[in-house]
file my_file_26.csv (CSV, C-alpha atoms)
chain,number,residue,atom,x,y,z
A,292,MET,CA,0.0,0.0,0.0
A,293,SER,CA,1.1,3.6,-0.4
A,294,ILE,CA,1.9,4.9,3.1
A,295,GLY,CA,2.5,8.4,1.8
A,296,HIS,CA,-1.0,8.7,0.2
A,297,THR,CA,-2.6,7.1,3.2
A,298,LEU,CA,-1.0,9.6,5.6
A,299,LEU,CA,-1.9,12.4,3.3
A,300,GLY,CA,-5.5,11.2,3.2
A,301,LEU,CA,-5.6,11.1,7.0
A,302,LEU,CA,-4.4,14.7,7.1
A,303,GLU,CA,-7.4,15.8,5.1
A,304,SER,CA,-9.5,15.8,8.2
A,305,GLY,CA,-7.2,18.3,9.9
A,306,PRO,CA,-3.5,18.9,10.9
A,307,ARG,CA,-1.9,16.3,13.0
A,308,HIS,CA,1.4,15.5,14.7
A,309,GLY,CA,3.5,12.6,13.5
A,310,TYR,CA,2.5,10.6,16.5
A,311,ASP,CA,-1.2,11.1,15.9
A,312,LEU,CA,-0.8,10.2,12.3
A,313,LYS,CA,0.9,6.9,13.3
A,314,ARG,CA,-1.8,6.1,15.8
A,315,ALA,CA,-4.6,6.9,13.3
A,316,PHE,CA,-2.8,4.8,10.6
A,317,ASP,CA,-2.4,1.8,13.0
A,318,GLU,CA,-6.0,2.0,14.1
A,319,LYS,CA,-7.5,2.1,10.6
A,320,PHE,CA,-4.9,0.2,8.4
A,321,GLY,CA,-2.1,-1.3,10.4
A,322,HIS,CA,-4.0,-4.1,12.2
A,323,ASP,CA,-1.2,-6.6,11.8
A,324,ARG,CA,1.6,-4.3,10.7
A,325,PRO,CA,1.8,-1.1,12.7
A,326,LEU,CA,4.0,1.7,11.3
A,327,HIS,CA,7.4,2.4,12.7
A,328,TYR,CA,8.0,6.0,13.9
A,329,GLY,CA,10.9,6.1,11.5
A,330,GLN,CA,8.6,5.3,8.5
A,331,VAL,CA,6.2,8.1,9.6
A,332,TYR,CA,8.9,10.8,9.9
A,333,SER,CA,10.8,9.8,6.7
A,334,THR,CA,7.5,9.8,4.8
A,335,MET,CA,6.5,13.2,6.2
A,336,SER,CA,10.0,14.6,5.2
A,337,ARG,CA,9.5,13.4,1.7
A,338,LEU,CA,5.9,14.8,1.5
A,339,LEU,CA,7.2,18.1,2.9
A,340,LYS,CA,10.0,18.3,0.4
A,341,ASN,CA,7.5,17.6,-2.4
A,342,GLY,CA,5.2,20.4,-1.2
A,343,LEU,CA,2.3,18.0,-0.4
A,344,VAL,CA,2.3,18.9,3.3
A,345,GLU,CA,3.4,21.9,5.2
A,346,VAL,CA,4.4,22.5,8.8
A,347,ASP,CA,1.4,24.0,10.5
A,348,GLY,CA,3.1,24.6,13.9
A,349,ILE,CA,5.9,23.4,16.1
A,350,GLU,CA,5.5,22.6,19.8
A,351,PRO,CA,8.5,22.4,22.0
A,352,GLY,CA,8.3,19.5,24.5
A,353,GLY,CA,10.6,17.7,26.9
A,354,GLY,CA,12.1,15.7,24.0
A,355,PRO,CA,12.5,16.7,20.4
A,356,GLU,CA,10.2,19.4,18.9
A,357,ARG,CA,6.8,18.2,17.8
A,358,LYS,CA,5.8,19.3,14.3
A,359,ARG,CA,2.2,19.5,13.3
A,360,TYR,CA,1.6,18.8,9.6
A,361,ALA,CA,-1.2,20.1,7.4
A,362,ILE,CA,-2.0,18.9,3.9
A,363,THR,CA,-1.5,21.4,1.1
A,364,ASP,CA,-3.8,21.9,-2.0
A,365,ALA,CA,-1.2,20.0,-4.0
A,366,GLY,CA,-1.5,17.2,-1.4
A,367,ILE,CA,-5.3,17.0,-1.8
A,368,THR,CA,-5.0,16.9,-5.5
A,369,ASP,CA,-2.4,14.1,-5.2
A,370,VAL,CA,-4.7,12.0,-3.0
A,371,GLU,CA,-7.6,12.7,-5.4
A,372,ARG,CA,-5.5,11.5,-8.3
A,373,TRP,CA,-4.3,8.4,-6.4
A,374,LEU,CA,-7.8,7.4,-5.4
A,375,ALA,CA,-9.2,7.9,-8.9
A,376,THR,CA,-6.4,5.8,-10.6
A,377,PRO,CA,-7.2,2.1,-10.8
A,378,GLU,CA,-4.4,-0.3,-9.7
A,379,LYS,CA,-2.9,-2.7,-12.1
A,380,PRO,CA,-4.8,-6.0,-11.5
A,381,GLU,CA,-2.4,-8.3,-9.7
A,382,PRO,CA,-2.7,-10.8,-6.9
A,383,TYR,CA,-3.0,-9.7,-3.3
A,384,LEU,CA,-4.3,-6.2,-4.0
A,385,GLN,CA,-6.8,-6.3,-1.2
A,386,SER,CA,-4.9,-4.2,1.4
A,387,LEU,CA,-4.2,-1.4,-1.1
A,388,LEU,CA,-7.8,-1.4,-2.3
A,389,TYR,CA,-9.1,-1.6,1.2
A,390,SER,CA,-7.0,1.5,2.1
A,391,LYS,CA,-8.4,3.4,-0.9
A,392,VAL,CA,-12.0,2.6,0.0
A,393,VAL,CA,-11.6,3.4,3.7
A,394,LEU,CA,-9.8,6.7,2.8
A,395,ALA,CA,-12.6,7.6,0.4
A,396,LEU,CA,-15.2,7.0,3.1
A,397,LEU,CA,-13.2,9.0,5.6
A,398,THR,CA,-12.8,11.9,3.3
A,399,GLN,CA,-16.5,11.8,2.0
A,400,ARG,CA,-15.5,10.8,-1.5
A,401,ALA,CA,-17.5,8.4,-3.7
A,402,ALA,CA,-16.1,5.0,-2.6
A,403,ALA,CA,-18.5,3.2,-5.0
A,404,ASP,CA,-16.9,5.0,-7.9
A,405,ILE,CA,-13.4,3.7,-6.8
A,406,LEU,CA,-14.8,0.2,-6.7
A,407,ASP,CA,-16.5,0.5,-10.1
A,408,THR,CA,-13.3,1.9,-11.7
A,409,GLN,CA,-11.2,-0.9,-10.3
A,410,ARG,CA,-13.7,-3.5,-11.4
A,411,SER,CA,-13.5,-2.1,-14.9
A,412,GLU,CA,-9.7,-2.3,-14.8
A,413,HIS,CA,-9.9,-5.9,-13.6
A,414,LEU,CA,-12.4,-6.8,-16.4
A,415,ARG,CA,-10.0,-5.2,-18.9
A,416,GLY,CA,-7.3,-7.6,-17.7
A,417,MET,CA,-9.8,-10.5,-17.9
A,418,ARG,CA,-10.8,-9.6,-21.4
A,419,ILE,CA,-7.1,-9.8,-22.6
A,420,LEU,CA,-6.7,-13.1,-20.9
A,421,THR,CA,-9.9,-14.5,-22.3
A,422,ASP,CA,-8.9,-13.5,-25.8
A,423,ARG,CA,-5.4,-15.1,-25.3
A,424,LYS,CA,-7.1,-18.2,-24.0
A,425,ARG,CA,-9.4,-18.5,-27.0
A,426,GLN,CA,-6.5,-18.2,-29.4
A,427,GLY,CA,-4.0,-20.2,-27.5
A,428,ASP,CA,-3.2,-23.9,-27.1
A,429,PHE,CA,-4.2,-26.0,-24.1
A,430,ALA,CA,-1.2,-24.9,-22.0
A,431,ASP,CA,-2.0,-21.2,-22.7
A,432,GLN,CA,-5.6,-21.9,-21.6
A,433,LEU,CA,-4.5,-23.4,-18.3
A,434,ILE,CA,-2.1,-20.5,-17.6
A,435,CYS,CA,-4.7,-17.9,-18.5
A,436,ASP,CA,-7.3,-19.8,-16.3
A,437,HIS,CA,-5.0,-19.5,-13.3
A,438,ALA,CA,-4.7,-15.7,-13.7
A,439,LEU,CA,-8.4,-15.4,-14.5
A,440,PHE,CA,-9.4,-17.2,-11.3
A,441,HIS,CA,-7.2,-14.8,-9.2
A,442,LEU,CA,-8.7,-11.7,-10.9
A,443,GLU,CA,-12.2,-13.2,-10.4
A,444,ALA,CA,-11.5,-13.6,-6.7
A,445,ASP,CA,-10.5,-9.9,-6.5
A,446,LEU,CA,-13.7,-9.0,-8.4
A,447,ARG,CA,-15.8,-10.9,-6.0
A,448,TRP,CA,-14.2,-9.0,-3.2
A,449,LEU,CA,-14.9,-5.7,-5.0
A,450,GLU,CA,-18.6,-6.8,-5.4
A,451,LEU,CA,-19.0,-7.8,-1.8
A,452,THR,CA,-17.3,-4.6,-0.6
A,453,ALA,CA,-19.6,-2.5,-2.9
A,454,ALA,CA,-22.6,-4.2,-1.3
A,455,ARG,CA,-21.4,-3.5,2.2
A,456,LEU,CA,-20.2,0.1,1.8
A,457,ASP,CA,-22.8,1.5,4.2
A,458,LYS,CA,-21.7,-0.9,6.9
A,459,LEU,CA,-18.0,-0.2,6.3
A,460,ALA,CA,-18.7,3.6,6.4
A,461,GLU,CA,-20.4,3.2,9.8
A,462,ALA,CA,-17.5,1.1,11.1
A,463,VAL,CA,-14.7,3.4,9.9
A,464,THR,CA,-16.3,6.7,10.9
A,465,ALA,CA,-17.5,5.5,14.3
B,873,MET,CA,-29.6,18.1,-18.9
B,874,THR,CA,-30.3,16.6,-22.3
B,875,ARG,CA,-28.7,13.3,-22.9
B,876,VAL,CA,-27.7,12.3,-26.3
B,877,SER,CA,-27.1,8.7,-27.5
B,878,PRO,CA,-23.7,8.1,-29.1
B,879,PRO,CA,-23.8,8.4,-32.9
B,880,GLY,CA,-24.2,5.2,-34.7
B,881,SER,CA,-26.1,3.4,-31.9
B,882,LEU,CA,-28.3,0.6,-33.0
B,883,LEU,CA,-30.3,0.6,-29.7
B,884,ALA,CA,-30.2,3.4,-27.3
B,885,ALA,CA,-32.0,4.4,-24.1
B,886,GLN,CA,-32.1,7.6,-22.2
B,887,ASP,CA,-33.3,8.4,-18.7
B,888,LEU,CA,-35.3,5.3,-18.3
B,889,ARG,CA,-37.5,5.1,-15.2
B,890,LYS,CA,-39.6,2.2,-14.1
B,891,ALA,CA,-41.2,1.4,-10.8
B,892,TYR,CA,-43.2,-1.7,-9.7
B,893,GLY,CA,-45.5,-0.3,-7.1
B,894,PRO,CA,-43.4,1.4,-4.4
B,895,THR,CA,-40.2,-0.3,-5.7
B,896,THR,CA,-38.0,1.7,-8.1
B,897,ALA,CA,-36.4,-0.7,-10.6
B,898,LEU,CA,-34.9,2.0,-12.9
B,899,ASP,CA,-34.1,5.5,-11.9
B,900,GLY,CA,-32.7,7.3,-14.9
B,901,ALA,CA,-30.8,4.6,-16.7
B,902,ASP,CA,-29.0,5.2,-20.0
B,903,PHE,CA,-27.7,2.6,-22.4
B,904,SER,CA,-26.4,2.3,-26.0
B,905,ILE,CA,-25.0,-0.4,-28.2
B,906,HIS,CA,-23.6,-0.5,-31.7
B,907,PRO,CA,-23.9,-3.2,-34.3
B,908,GLY,CA,-21.5,-6.1,-33.6
B,909,GLU,CA,-20.8,-4.9,-30.1
B,910,VAL,CA,-21.1,-7.1,-27.0
B,911,VAL,CA,-22.0,-5.1,-23.9
B,912,ALA,CA,-22.2,-6.7,-20.5
B,913,VAL,CA,-24.8,-5.3,-18.1
B,914,MET,CA,-23.5,-6.0,-14.6
B,915,GLY,CA,-24.6,-5.2,-11.1
B,916,PRO,CA,-25.8,-6.8,-7.9
B,917,SER,CA,-29.1,-8.7,-7.6
B,918,GLY,CA,-32.1,-6.4,-7.6
B,919,SER,CA,-30.1,-3.5,-9.1
B,920,GLY,CA,-32.4,-3.3,-12.1
B,921,LYS,CA,-30.3,-5.0,-14.8
B,922,SER,CA,-33.0,-7.4,-15.9
B,923,THR,CA,-35.6,-4.7,-16.0
B,924,LEU,CA,-33.2,-2.6,-18.2
B,925,LEU,CA,-32.9,-5.6,-20.6
B,926,HIS,CA,-36.7,-6.1,-20.6
B,927,CYS,CA,-37.3,-2.4,-21.4
B,928,LEU,CA,-34.7,-2.4,-24.1
B,929,ALA,CA,-36.3,-5.5,-25.7
B,930,GLY,CA,-39.7,-3.9,-25.6
B,931,ILE,CA,-41.0,-6.6,-23.3
B,932,VAL,CA,-41.6,-4.1,-20.5
B,933,THR,CA,-42.8,-0.5,-21.0
B,934,PRO,CA,-40.8,2.1,-19.0
B,935,ASP,CA,-42.8,4.7,-17.0
B,936,SER,CA,-40.7,7.4,-18.7
B,937,GLY,CA,-37.6,7.9,-20.8
B,938,SER,CA,-36.8,7.1,-24.4
B,939,ILE,CA,-35.7,3.9,-26.2
B,940,THR,CA,-34.8,4.1,-29.9
B,941,TYR,CA,-34.0,1.1,-32.1
B,942,ASN,CA,-32.4,2.0,-35.4
B,943,GLY,CA,-33.7,5.5,-35.0
B,944,HIS,CA,-37.3,4.5,-34.2
B,945,GLU,CA,-38.9,5.3,-30.9
B,946,LEU,CA,-40.3,2.1,-29.3
B,947,ALA,CA,-42.9,4.1,-27.4
B,948,THR,CA,-44.6,5.3,-30.6
B,949,MET,CA,-45.0,1.7,-31.9
B,950,SER,CA,-48.1,-0.3,-31.4
B,951,ASP,CA,-48.0,-3.6,-29.5
B,952,ALA,CA,-48.2,-5.5,-32.8
B,953,GLN,CA,-45.3,-3.5,-34.2
B,954,ARG,CA,-43.2,-4.2,-31.1
B,955,SER,CA,-44.0,-7.9,-31.3
B,956,ALA,CA,-43.0,-8.0,-34.9
B,957,LEU,CA,-39.8,-6.2,-34.0
B,958,ARG,CA,-39.0,-8.8,-31.3
B,959,ARG,CA,-39.7,-11.7,-33.7
B,960,SER,CA,-37.7,-10.4,-36.6
B,961,GLU,CA,-34.9,-8.2,-35.2
B,962,PHE,CA,-34.3,-9.5,-31.7
B,963,GLY,CA,-33.2,-12.8,-30.3
B,964,PHE,CA,-33.4,-14.0,-26.8
B,965,VAL,CA,-31.5,-16.4,-24.5
B,966,PHE,CA,-32.5,-16.9,-20.9
B,967,GLN,CA,-31.2,-18.9,-18.0
B,968,PHE,CA,-33.8,-21.6,-17.9
B,969,GLY,CA,-36.7,-23.3,-19.6
B,970,GLN,CA,-36.6,-21.9,-23.1
B,971,LEU,CA,-36.9,-25.0,-25.2
B,972,VAL,CA,-40.3,-26.6,-25.9
B,973,PRO,CA,-40.0,-30.1,-24.3
B,974,GLU,CA,-42.3,-31.8,-26.8
B,975,LEU,CA,-40.3,-30.7,-29.9
B,976,THR,CA,-36.9,-32.2,-31.0
B,977,CYS,CA,-33.9,-29.9,-30.8
B,978,VAL,CA,-33.9,-29.1,-34.5
B,979,GLU,CA,-37.7,-28.4,-34.3
B,980,ASN,CA,-37.0,-26.0,-31.4
B,981,VAL,CA,-34.3,-24.2,-33.4
B,982,ALA,CA,-36.5,-24.0,-36.4
B,983,LEU,CA,-39.5,-22.7,-34.4
B,984,PRO,CA,-39.0,-18.9,-34.8
B,985,LEU,CA,-38.7,-19.4,-38.6
B,986,ARG,CA,-41.8,-21.6,-38.7
B,987,LEU,CA,-43.7,-18.9,-36.8
B,988,ASN,CA,-42.6,-16.3,-39.3
B,989,GLY,CA,-44.1,-18.5,-42.1
B,990,THR,CA,-41.0,-20.3,-43.4
B,991,SER,CA,-41.6,-23.8,-44.8
B,992,ARG,CA,-40.6,-26.7,-42.5
B,993,LYS,CA,-37.9,-28.0,-44.8
B,994,GLU,CA,-36.3,-24.6,-45.3
B,995,ALA,CA,-36.6,-23.7,-41.6
B,996,GLU,CA,-35.0,-27.0,-40.5
B,997,ARG,CA,-32.2,-26.6,-43.0
B,998,ALA,CA,-31.3,-23.2,-41.6
B,999,ALA,CA,-31.7,-24.6,-38.1
B,1000,LEU,CA,-29.2,-27.3,-38.8
B,1001,ARG,CA,-26.7,-24.8,-40.1
B,1002,TRP,CA,-26.9,-22.9,-36.8
B,1003,MET,CA,-26.7,-26.1,-34.8
B,1004,GLU,CA,-23.5,-27.0,-36.6
B,1005,ARG,CA,-22.0,-23.6,-35.7
B,1006,LEU,CA,-23.0,-24.1,-32.1
B,1007,GLU,CA,-21.6,-27.7,-32.2
B,1008,VAL,CA,-24.9,-29.4,-31.4
B,1009,ASP,CA,-26.0,-30.8,-34.8
B,1010,ASP,CA,-25.7,-34.3,-33.5
B,1011,LEU,CA,-28.6,-33.6,-31.1
B,1012,ARG,CA,-31.1,-32.7,-33.8
B,1013,LYS,CA,-33.4,-35.7,-33.2
B,1014,LYS,CA,-33.2,-35.5,-29.4
B,1015,ARG,CA,-35.7,-33.8,-27.1
B,1016,PRO,CA,-34.6,-31.1,-24.6
B,1017,GLY,CA,-35.0,-33.6,-21.7
B,1018,GLU,CA,-32.4,-35.9,-23.3
B,1019,VAL,CA,-29.6,-33.4,-23.5
B,1020,SER,CA,-27.3,-31.8,-20.9
B,1021,GLY,CA,-27.7,-28.2,-19.6
B,1022,GLY,CA,-24.8,-26.9,-21.6
B,1023,GLN,CA,-26.0,-28.6,-24.8
B,1024,GLY,CA,-29.5,-27.3,-24.2
B,1025,GLN,CA,-28.2,-23.8,-23.8
B,1026,ARG,CA,-26.3,-24.1,-27.1
B,1027,VAL,CA,-29.5,-25.2,-28.8
B,1028,ALA,CA,-31.2,-22.2,-27.3
B,1029,VAL,CA,-28.5,-19.9,-28.7
B,1030,ALA,CA,-28.9,-21.5,-32.1
B,1031,ARG,CA,-32.6,-20.8,-31.9
B,1032,ALA,CA,-32.0,-17.2,-30.8
B,1033,LEU,CA,-29.8,-16.6,-33.8
B,1034,VAL,CA,-31.7,-18.6,-36.5
B,1035,THR,CA,-33.7,-15.5,-37.6
B,1036,GLY,CA,-30.6,-13.4,-38.1
B,1037,PRO,CA,-31.4,-10.9,-35.3
B,1038,ARG,CA,-29.6,-7.6,-35.1
B,1039,VAL,CA,-29.7,-7.6,-31.3
B,1040,LEU,CA,-29.3,-10.7,-29.1
B,1041,PHE,CA,-30.5,-10.3,-25.6
B,1042,ALA,CA,-28.9,-12.8,-23.2
B,1043,ASP,CA,-30.1,-12.8,-19.6
B,1044,GLU,CA,-27.7,-14.8,-17.4
B,1045,PRO,CA,-27.2,-17.3,-20.3
B,1046,THR,CA,-24.7,-19.4,-18.3
B,1047,GLY,CA,-26.3,-19.0,-14.9
B,1048,ALA,CA,-27.3,-22.6,-14.7
B,1049,LEU,CA,-24.0,-24.1,-16.1
B,1050,ASP,CA,-20.7,-25.1,-14.7
B,1051,SER,CA,-17.7,-23.0,-15.6
B,1052,LEU,CA,-16.4,-25.1,-18.5
B,1053,ASN,CA,-19.8,-25.4,-20.2
B,1054,GLY,CA,-20.5,-21.7,-19.4
B,1055,GLU,CA,-17.3,-20.7,-21.2
B,1056,ARG,CA,-18.1,-22.9,-24.2
B,1057,VAL,CA,-21.5,-21.4,-24.5
B,1058,MET,CA,-20.1,-17.8,-24.2
B,1059,GLY,CA,-17.2,-18.5,-26.7
B,1060,LEU,CA,-19.7,-19.9,-29.3
B,1061,LEU,CA,-22.4,-17.3,-28.6
B,1062,THR,CA,-20.1,-14.3,-29.0
B,1063,GLU,CA,-18.3,-15.8,-32.0
B,1064,ALA,CA,-21.6,-16.5,-33.8
B,1065,ALA,CA,-23.0,-13.0,-33.0
B,1066,ARG,CA,-19.8,-11.2,-34.1
B,1067,SER,CA,-19.8,-13.2,-37.4
B,1068,THR,CA,-23.2,-11.8,-38.2
B,1069,ASN,CA,-22.5,-8.3,-36.8
B,1070,ALA,CA,-25.3,-8.8,-34.2
B,1071,ALA,CA,-25.2,-6.7,-31.1
B,1072,VAL,CA,-25.4,-8.6,-27.8
B,1073,VAL,CA,-26.8,-7.2,-24.6
B,1074,LEU,CA,-25.5,-9.6,-22.0
B,1075,VAL,CA,-26.9,-9.4,-18.5
B,1076,THR,CA,-24.6,-11.2,-16.1
B,1077,HIS,CA,-23.2,-11.1,-12.5
B,1078,GLU,CA,-20.3,-13.3,-13.5
B,1079,ALA,CA,-17.0,-11.6,-14.3
B,1080,ARG,CA,-15.7,-14.5,-16.4
B,1081,VAL,CA,-18.8,-14.2,-18.6
B,1082,ALA,CA,-18.5,-10.5,-18.7
B,1083,ALA,CA,-14.9,-10.9,-19.9
B,1084,TYR,CA,-16.4,-12.0,-23.3
B,1085,SER,CA,-17.9,-8.5,-23.8
B,1086,ASP,CA,-16.3,-5.5,-25.4
B,1087,ARG,CA,-17.3,-3.2,-22.5
B,1088,GLU,CA,-19.6,-3.2,-19.5
B,1089,VAL,CA,-22.3,-1.0,-18.1
B,1090,VAL,CA,-22.8,-1.2,-14.3
B,1091,VAL,CA,-26.3,-0.9,-12.9
B,1092,ARG,CA,-26.7,0.1,-9.3
B,1093,ASP,CA,-29.9,1.2,-7.6
B,1094,GLY,CA,-31.6,1.6,-11.0
B,1095,ARG,CA,-28.9,3.9,-12.4
B,1096,SER,CA,-26.4,2.9,-15.1
B,1097,ARG,CA,-22.8,3.7,-15.5
B,1098,ASP,CA,-21.0,3.1,-18.8
B,1099,MET,CA,-17.5,2.2,-17.6
B,1100,GLU,CA,-15.8,2.9,-20.9
B,1101,ARG,CA,-17.1,6.4,-21.0
B,1102,ALA,CA,-16.7,6.9,-17.3
B,1103,ILE,CA,-12.9,6.4,-17.3
call {"tool": "encode", "arguments": {"input": "my_file_26.csv", "output": "structure tokens"}}
result
Amino acid sequence: MSIGHTLLGLLESGPRHGYDLKRAFDEKFGHDRPLHYGQVYSTMSRLLKNGLVEVDGIEPGGGPERKRYAITDAGITDVERWLATPEKPEPYLQSLLYSKVVLALLTQRAAADILDTQRSEHLRGMRILTDRKRQGDFADQLICDHALFHLEADLRWLELTAARLDKLAEAVTA
Amino acid sequence: MTRVSPPGSLLAAQDLRKAYGPTTALDGADFSIHPGEVVAVMGPSGSGKSTLLHCLAGIVTPDSGSITYNGHELATMSDAQRSALRRSEFGFVFQFGQLVPELTCVENVALPLRLNGTSRKEAERAALRWMERLEVDDLRKKRPGEVSGGQGQRVAVARALVTGPRVLFADEPTGALDSLNGERVMGLLTEAARSTNAAVVLVTHEARVAAYSDREVVVRDGRSRDMERAI
């Protein structure tokens, strides 16, 4: 998944410190793989350098200074573009797609549109494989079938998620 | 906002609305298809995709909206004209129970031609040609109860195509078949339709079936989204 885009999306609801960002990320997305502090700060440095976030304030504390980050207009546009761009169909996309859907819900974007766009991209891949299968020999058919079954499994997940968007919205915004 | 169907459409619908009592089935759906094109209509159960197909085929009259076939508005046609259109220009394949059990397979395939007044000999000759294309000519003397589900469905496809329709409506045509038979039916159906430049409106919830289409339209809560034009 794209940690940078996810952190940017989390900043859309308002400025946060690195620590708050890590906590929000772990709660929403990092169930079995929480972020390391180092990942948060290196990602924020990169986003800052690229003009996607800015420092909203600095609070001195007992330890190092605490920077509060805010998303810039360029950052919002970047998240928007990332959410709208379908992912290349490949196995084990779920965590990335899940992140996109949850972020869309958190930021009041059309999560159903993201799922529809992704479904279309998957179907595009399935059409290519179906054509190849029809023209190929038996070995090609088996190889294409393997890929088709994986894409089909993703698509079933997309369908189920689309059918349960209201419930997911309730869960993530609670 | 005025919605315009894409130029060159054979069959096009704009802003279709249909309710069954308090239940809204279509809520401003659009659709268009060109000759030779295979379009999958996808969406969850109860989303309105079968109602859309029935409206497009002139089986169900929408409460409002426009449907044009070859430039002619369906709403301005009489029932008799719409029936004639369905017999001569449209073909249908459904999920279940399409073949007449008392007739042999070749008689089933020949039936639409017989109803249009074609002689028995000529109708059965044309039926056999289509049965060969669908690889079921060896079943000509069998009755539907004596053939497998996949074979019966290929016989049904042959029957749907025997009149040379310009639009083939297929509502979950592989819904009752296992995946191998389903793919065989889809491969033969789309190949046969493309060879005659027939347009295919394919309602399905199965991605592997939709993968035989050129593009897909998603129906959700009675509204349609053309994914090719949406991206």
call {"tool": "residues_around", "arguments": {"input": "my_file_26.csv", "residues": "stretch 905-918 of chain B", "least_positions_apart": "3", "cutoff": "7 Å", "atoms": "only C-alpha atoms", "output": "ChimeraX atom specification"}}
result
/B:880-884,921,1066,1069-1077,1082,1085-1092
call {"tool": "closest_atom_pairs", "arguments": {"input": "my_file_26.csv", "of": "chain A", "to": "chain B", "cutoff": "8 Å", "atoms": "all atoms listed in the file", "output": "JSON lines"}}
result
{"residue": "A:Asp407", "atom": "CA", "partner": "B:Met1099", "partner_atom": "CA", "distance": 7.8}
{"residue": "A:Thr408", "atom": "CA", "partner": "B:Ile1103", "partner_atom": "CA", "distance": 7.2}
{"residue": "A:Ser411", "atom": "CA", "partner": "B:Met1099", "partner_atom": "CA", "distance": 6.5}
{"residue": "A:Leu414", "atom": "CA", "partner": "B:Ala1083", "partner_atom": "CA", "distance": 5.9}
{"residue": "A:Arg415", "atom": "CA", "partner": "B:Ala1083", "partner_atom": "CA", "distance": 7.6}
{"residue": "A:Met417", "atom": "CA", "partner": "B:Ala1083", "partner_atom": "CA", "distance": 5.5}
{"residue": "A:Arg418", "atom": "CA", "partner": "B:Ala1083", "partner_atom": "CA", "distance": 4.6}
{"residue": "A:Thr421", "atom": "CA", "partner": "B:Ala1083", "partner_atom": "CA", "distance": 6.6}
{"residue": "A:Arg425", "atom": "CA", "partner": "B:Gly1059", "partner_atom": "CA", "distance": 7.8}
{"residue": "A:Leu439", "atom": "CA", "partner": "B:Arg1080", "partner_atom": "CA", "distance": 7.6}
{"residue": "A:Glu443", "atom": "CA", "partner": "B:Ala1079", "partner_atom": "CA", "distance": 6.4}
{"residue": "A:Leu446", "atom": "CA", "partner": "B:Ala1079", "partner_atom": "CA", "distance": 7.2}
{"residue": "A:Glu450", "atom": "CA", "partner": "B:Pro916", "partner_atom": "CA", "distance": 7.6}
{"residue": "A:Ala454", "atom": "CA", "partner": "B:Pro916", "partner_atom": "CA", "distance": 7.8}
call {"tool": "residues_around", "arguments": {"input": "my_file_26.csv", "residues": "A:Leu343", "least_positions_apart": "4", "cutoff": "8 Å", "atoms": "all atoms listed in the file", "output": "JSON, numbers by chain"}}
result
{"A": [299, 338, 339, 362, 363, 364, 365, 366, 367, 369]}
call {"tool": "closest_residue", "arguments": {"input": "my_file_26.csv", "among": "B:Pro879, B:Pro1037, B:Gly937, B:Gly1054", "to": "B:Ala956", "atoms": "all atoms listed in the file"}}
result
B:Pro1037
call {"tool": "closest_residue", "arguments": {"input": "my_file_26.csv", "among": "B:Ile939, B:Arg1005, B:Ile931, B:Thr923", "to": "B:Phe903", "atoms": "only C-alpha atoms"}}
result
B:Ile939
call {"tool": "residues_around", "arguments": {"input": "my_file_26.csv", "residues": "stretch 953-955 of chain B", "least_positions_apart": "4", "cutoff": "9 Å", "atoms": "all atoms listed in the file", "output": "list in words"}}
result
Ala929, Gly930, Ile931, Leu946, Met949, Arg959 and Ser960 of chain B
call {"tool": "atom_distance", "arguments": {"input": "my_file_26.csv", "atom1": "atom CA of A:Leu396", "atom2": "atom CA of A:Gly348"}}
result
27.6 Å
call {"tool": "residues_around", "arguments": {"input": "my_file_26.csv", "residues": "A:Lys391", "least_positions_apart": "5", "cutoff": "9 Å", "atoms": "all atoms listed in the file", "output": "number ranges by chain"}}
result
A: 297, 373-374, 386, 396, 402, 405
call {"tool": "atom_distance", "arguments": {"input": "my_file_26.csv", "atom1": "atom CA of A:His441", "atom2": "atom CA of A:Pro380"}}
result
9.4 Å
call {"tool": "closest_residue", "arguments": {"input": "my_file_26.csv", "among": "B:Leu985, B:Val1027, B:Ala1042, B:Leu1033", "to": "B:Leu925", "atoms": "only C-alpha atoms"}}
result
B:Ala1042
call {"tool": "closest_residue", "arguments": {"input": "my_file_26.csv", "among": "B:Leu924, B:Leu1060, B:Leu1049, B:Leu1011", "to": "B:Gln967", "atoms": "only C-alpha atoms"}}
result
B:Leu1049
call {"tool": "atom_distance", "arguments": {"input": "my_file_26.csv", "atom1": "atom CA of B:Pro984", "atom2": "atom CA of B:Val1034"}}
result
7.5 Å
call {"tool": "residues_around", "arguments": {"input": "my_file_26.csv", "residues": "A:Thr464", "least_positions_apart": "3", "cutoff": "9 Å", "atoms": "only C-alpha atoms", "output": "list in words"}}
result
Leu396, Leu397, Leu459, Ala460 and Glu461 of chain A
call {"tool": "write_last_selection", "arguments": {"input": "my_file_26.csv", "atoms": "C-alpha atoms", "output": "short mmCIF file (atom, residue, chain, number, x, y, z; two decimals), in the frame of the given file"}}
result
data_model
loop_
_atom_site.label_atom_id
_atom_site.label_comp_id
_atom_site.auth_asym_id
_atom_site.auth_seq_id
_atom_site.Cartn_x
_atom_site.Cartn_y
_atom_site.Cartn_z
CA LEU A 396 -15.20 7.00 3.10
CA LEU A 397 -13.20 9.00 5.60
CA LEU A 459 -18.00 -0.20 6.30
CA ALA A 460 -18.70 3.60 6.40
CA GLU A 461 -20.40 3.20 9.80
#
call {"tool": "residues_near_point", "arguments": {"input": "my_file_26.csv", "point": "(4.8, 23.1, 8.9)", "cutoff": "10 Å", "atoms": "only C-alpha atoms", "output": "list of chain:residue names"}}
result
A:Pro306, A:Leu339, A:Val344, A:Glu345, A:Val346, A:Asp347, A:Gly348, A:Ile349, A:Lys358, A:Arg359, A:Tyr360, A:Ala361, A:Ile362
